[in-house]
Amino acid sequence: MADITITINGIKCVTKEGESILNAARANNIFIPAICYLSCCSPTLACRLCIADVDGKRAYTCNAKAKDGQVVITNTKEIEAERRAIMEVYAVNHPLECGVCDKSGECELQNYVLETKVEEQHYAVNNTNRSIENWGLTRYDPSLCIVCERCVTVCKDRIGEAALKTIPRGEEFAVPKEYKETMPKDAYAVWNKMQKSLIGKNKDENGNIISCSDCGECSAACPVGALTTVDFHYTSNAWELKKIPASNPHSSDCSLIYYEVKQTSVSDPSPKIYRVSSDKDFAPLNRAARFGYDFANSVKYKDKKSFDKVVNFIKNGVGTIIFNSFITNEEALILQKMKEKFGFKLVNKDAFLYQRFLRAISKASGYSLYKGSIEDVRKSDFIISVGSMLRYDLPNLGFALNNALKINKASALYAHPIHDKIVQNYSKNLIQMNYKAGSEEAILYLLLEIFVPAEELDNVTNKCLQTFHVKETKIIDDQEVEIYTSKLWNIAGTEDIKAKIEELKASKESVSLIVGQDILTHPRWENMAYIIGTLERLTNIKTVIIPHETNSLGVALICDLDEFGEGSSLGYNHQADITISALKGGDLDMPALNQQEGTFTNIDKRVVPTNAALPYYGYELSDIANALGIYSEYTVDYTKKLPKKNGFKDVEFDELTNYYDNSGNEHRGYLLENSPKEVLKTPCGFEKLTFYENLIYKLNPRSQFNTFVNAAHQTKLTPYLYASKEFLDFHGFKEGDLVNIFLRNGISLSLYIKKDINISGEFAYVPTFDEKINVYPFFKYYRFAEVSIKKVSNE
């Protein structure tokens, strides 16, 4: 959209055509009060504090669009009197418990009462009892609620669950009508709504309460103390807590978080994390990031004997180091330097799959990295997601998809074998395509057919596409005409909706493609990488490839990884002959990610800093490296040494920033250099597709990404075989049954069944978040596995 200029309180402001006046003011550091509006969400006009004179007429700036040449005045005496009256009615019967309220010290109601100089009360109404409710990990106190609807809009417009709504209390609670003639009209409207409404659970079309993922975003959005987290309630005053900026350690969004820390108690001075907070306007958090924070490794001393054992094990010829991607970039570089010195194998299965896929795409796209980001998805007007259970694999990317549909009025194609009922409710402009497991390649060929004209493809690729067509003879204008019809729909097991997709994408300027782990792990991954790279090169599509673990992208860019190990093994946060770990039970303790300084490389190809919230008194990976002759005083000394050839920059750790400005611009670390590469004309091929039956899927419940999340007290879960209603009905199982899952080679696993009410289709999935169950033998690479399942007899 074009740049325009408006004038606010005599100040010239440059903004985009169609932007709200309120957002334009914020971006230019001009204060307009608003207690109901959140950036990236739709306006509710609930508080009406943002009133202004726009070209001589009264308007609400959260809803009014900026137009070139507008003159806006926000601070006349009449406007200030209206705002003061609104703040007075918010304070009517509001409990005077600021001294103990969880929000005190950061309460927007407190701030605006002071800002508008409310020093006396002109209004009164009888008070009524409103019962406190606990909603999972969140606590709702309706007596403190001002019905601003932030929680409702953030759940609907950002998270996509629409689990909350305003519910009527009844006309008997309405403000007496005599006030209507004696007080400002906006103040009366705000007060009347607040009196007659509460926030409650939403229900679906069948009358069932809509499932909530316990992300806690509603409590973050709440401007007062009405919505708080159950665990934090009455544990600390906000001003006592030290905010430590960091990055989400559990998933590859690596969102900005703040660990809020103070001493444990009067008798125990050791620091403790009391909660995690966020930038409510620009950095939504998933459940793991907000609630899975207390997974630190509480080591009190250095275990010299175990340390020497590990160092000697490496010196004496360890064959393989096995690790996962829940580590920093700096630790990954230390492991790479150790490999270069000692020649052992370096195995990280997840990052290896990601690394080889990136390299394959690069050959076809002509760039070292994919082009897209979460923000690109959020700003797109057409989004395609293939091969990912998006809300489970990376919720923040699901938030962006939903936000684009709600705010941008975008369209979307969501393709996966398992039907997600919540995603289906994101928008009427979303098509959910549930293809046969194994046919992902056909879906990508379909995208190639829709988005790329045949004349722009090489001959071999065109021949591949032609193998998906059947020749038919039709009579057109009394003439026989040979027509080639695509059979991609039949192969994928879906109806032909090509015309509908083409209609949805018509006139769309920005297109994003989300690629999930089903594609990376598929037996035909290399050919699919070529198709995706070709789409990036020949179209305006920006691709985002989901890293399965927090720092999979960073590890893939830093380490020379091996597919298989050999000889004796050392595991880092991974079981091996000798294990060093931030989890309990290893041979040598290591610090957890909330005890380290360092950086991650997130899905947006951004190197973001994280800081230590809690102390660690044991040995670190850099200590092992120092003992092996790879010396650096601090782990973060490696930040500047990250490989420049792969896009990293010569920047010291302490120079990295970590915040958003008022416009929502991200000032977090730096973006990797995405360098041009030679396009290798490796044509795509085609083989007969393999389909799978009697399937289980490798998937964690929403936001339950790993064992570290499961170590935190608020996010600890019991593992189950999670199943759809259709799966239970087909097999004659019911929730709570104990079943044995068998592979053809005799490997088996026993789990109780739990129904997932948000999925449909004859599918079940097994998690990886609990070390006590080992599901990996069931899956070579691909996330679907063919198994037999039998109920365990009660006899």
# chains A, B, ... in the order shown; residues from 1 in each chain; ligands from 1
>>> residues_around(residues="region 147-160 of chain A", least_positions_apart="4", cutoff="7 Å", atoms="only C-alpha atoms", output="list in words")
Ile35, Cys36, Tyr37, Leu38, Cys41, Ser42, Ala46, Cys47, Leu164, Lys165, Met194, Ser197, Leu198, Ile199, Cys218, Ala221, Cys222, Phe399, Asn402, Asn403, Lys406 and Tyr426 of chain A
>>> select_by_dssp(residues="region 272-412 of chain A", states="strand (DSSP E)", output="MDAnalysis selection string")
chainID A and resid 272:277 320:323 345:347 382:386 411:412
>>> closest_residue(among="A:Val775, A:Val125, A:Ile334, A:Ala91", to="Val636 (chain A)", atoms="only C-alpha atoms")
A:Ile334
>>> residues_around(residues="Ile383 (chain A)", least_positions_apart="6", cutoff="6 Å", atoms="only C-alpha atoms", output="number ranges by chain")
A: 412, 511-513
>>> select_by_dssp(residues="region 601-636 of chain A", states="alpha helix (DSSP H)", output="ChimeraX atom specification")
/A:621-627
>>> write_last_selection(atoms="N, CA, C and O atoms", output="PDB file, in the first residue's frame")
ATOM      1  N   LEU A 621      29.350 -27.114  28.288  1.00  0.00           N
ATOM      2  CA  LEU A 621      29.997 -27.708  27.119  1.00  0.00           C
ATOM      3  C   LEU A 621      31.297 -27.001  26.792  1.00  0.00           C
ATOM      4  O   LEU A 621      32.277 -27.630  26.359  1.00  0.00           O
ATOM      5  N   SER A 622      31.356 -25.690  27.016  1.00  0.00           N
ATOM      6  CA  SER A 622      32.593 -24.950  26.741  1.00  0.00           C
ATOM      7  C   SER A 622      33.727 -25.384  27.659  1.00  0.00           C
ATOM      8  O   SER A 622      34.900 -25.323  27.270  1.00  0.00           O
ATOM      9  N   ASP A 623      33.392 -25.838  28.883  1.00  0.00           N
ATOM     10  CA  ASP A 623      34.423 -26.352  29.785  1.00  0.00           C
ATOM     11  C   ASP A 623      35.041 -27.627  29.220  1.00  0.00           C
ATOM     12  O   ASP A 623      36.261 -27.841  29.310  1.00  0.00           O
ATOM     13  N   ILE A 624      34.205 -28.489  28.645  1.00  0.00           N
ATOM     14  CA  ILE A 624      34.716 -29.708  28.017  1.00  0.00           C
ATOM     15  C   ILE A 624      35.612 -29.345  26.847  1.00  0.00           C
ATOM     16  O   ILE A 624      36.708 -29.909  26.679  1.00  0.00           O
ATOM     17  N   ALA A 625      35.172 -28.375  26.034  1.00  0.00           N
ATOM     18  CA  ALA A 625      35.982 -27.947  24.887  1.00  0.00           C
ATOM     19  C   ALA A 625      37.323 -27.379  25.335  1.00  0.00           C
ATOM     20  O   ALA A 625      38.369 -27.670  24.734  1.00  0.00           O
ATOM     21  N   ASN A 626      37.294 -26.578  26.391  1.00  0.00           N
ATOM     22  CA  ASN A 626      38.549 -26.012  26.907  1.00  0.00           C
ATOM     23  C   ASN A 626      39.508 -27.114  27.322  1.00  0.00           C
ATOM     24  O   ASN A 626      40.721 -27.046  27.062  1.00  0.00           O
ATOM     25  N   ALA A 627      38.978 -28.143  27.998  1.00  0.00           N
ATOM     26  CA  ALA A 627      39.824 -29.257  28.445  1.00  0.00           C
ATOM     27  C   ALA A 627      40.378 -30.056  27.277  1.00  0.00           C
ATOM     28  O   ALA A 627      41.408 -30.746  27.411  1.00  0.00           O
TER      29      ALA A 627
END
>>> closest_residue(among="A:Ile11, A:Leu447, A:Leu405, A:Val318", to="Asp577 (chain A)", atoms="only C-alpha atoms")
A:Val318
>>> closest_residue(among="A:Glu106, A:Asp308, A:Glu330, A:Glu633", to="Gly554 (chain A)", atoms="only C-alpha atoms")
A:Glu330
>>> closest_residue(among="A:Asn111, A:Val261, A:Asp281, A:Thr44", to="Ser663 (chain A)", atoms="only C-alpha atoms")
A:Asp281
>>> atom_distance(atom1="CA of Val423 (chain A)", atom2="CA of Met389 (chain A)")
9.6 Å
>>> atom_distance(atom1="CA of Glu666 (chain A)", atom2="CA of Leu256 (chain A)")
9.9 Å
>>> residues_around(residues="Ile450 (chain A)", least_positions_apart="4", cutoff="9 Å", atoms="only C-alpha atoms", output="PDB file with N, CA and C atoms, in the first residue's frame")
ATOM      1  N   TYR A 445       2.981 -31.402  -6.893  1.00  0.00           N
ATOM      2  CA  TYR A 445       2.847 -31.320  -8.349  1.00  0.00           C
ATOM      3  C   TYR A 445       1.609 -30.511  -8.728  1.00  0.00           C
ATOM      4  N   LEU A 446       0.552 -30.679  -7.954  1.00  0.00           N
ATOM      5  CA  LEU A 446      -0.666 -29.910  -8.192  1.00  0.00           C
ATOM      6  C   LEU A 446      -0.392 -28.410  -8.074  1.00  0.00           C
ATOM      7  N   LYS A 498      -9.555 -27.815  -7.947  1.00  0.00           N
ATOM      8  CA  LYS A 498      -8.577 -26.939  -8.592  1.00  0.00           C
ATOM      9  C   LYS A 498      -9.190 -25.583  -8.939  1.00  0.00           C
ATOM     10  N   ILE A 501      -9.516 -23.430  -5.864  1.00  0.00           N
ATOM     11  CA  ILE A 501      -8.220 -22.897  -5.430  1.00  0.00           C
ATOM     12  C   ILE A 501      -7.806 -21.737  -6.338  1.00  0.00           C
ATOM     13  N   GLU A 502      -7.988 -21.926  -7.642  1.00  0.00           N
ATOM     14  CA  GLU A 502      -7.609 -20.863  -8.571  1.00  0.00           C
ATOM     15  C   GLU A 502      -8.461 -19.616  -8.351  1.00  0.00           C
TER      16      GLU A 502
END
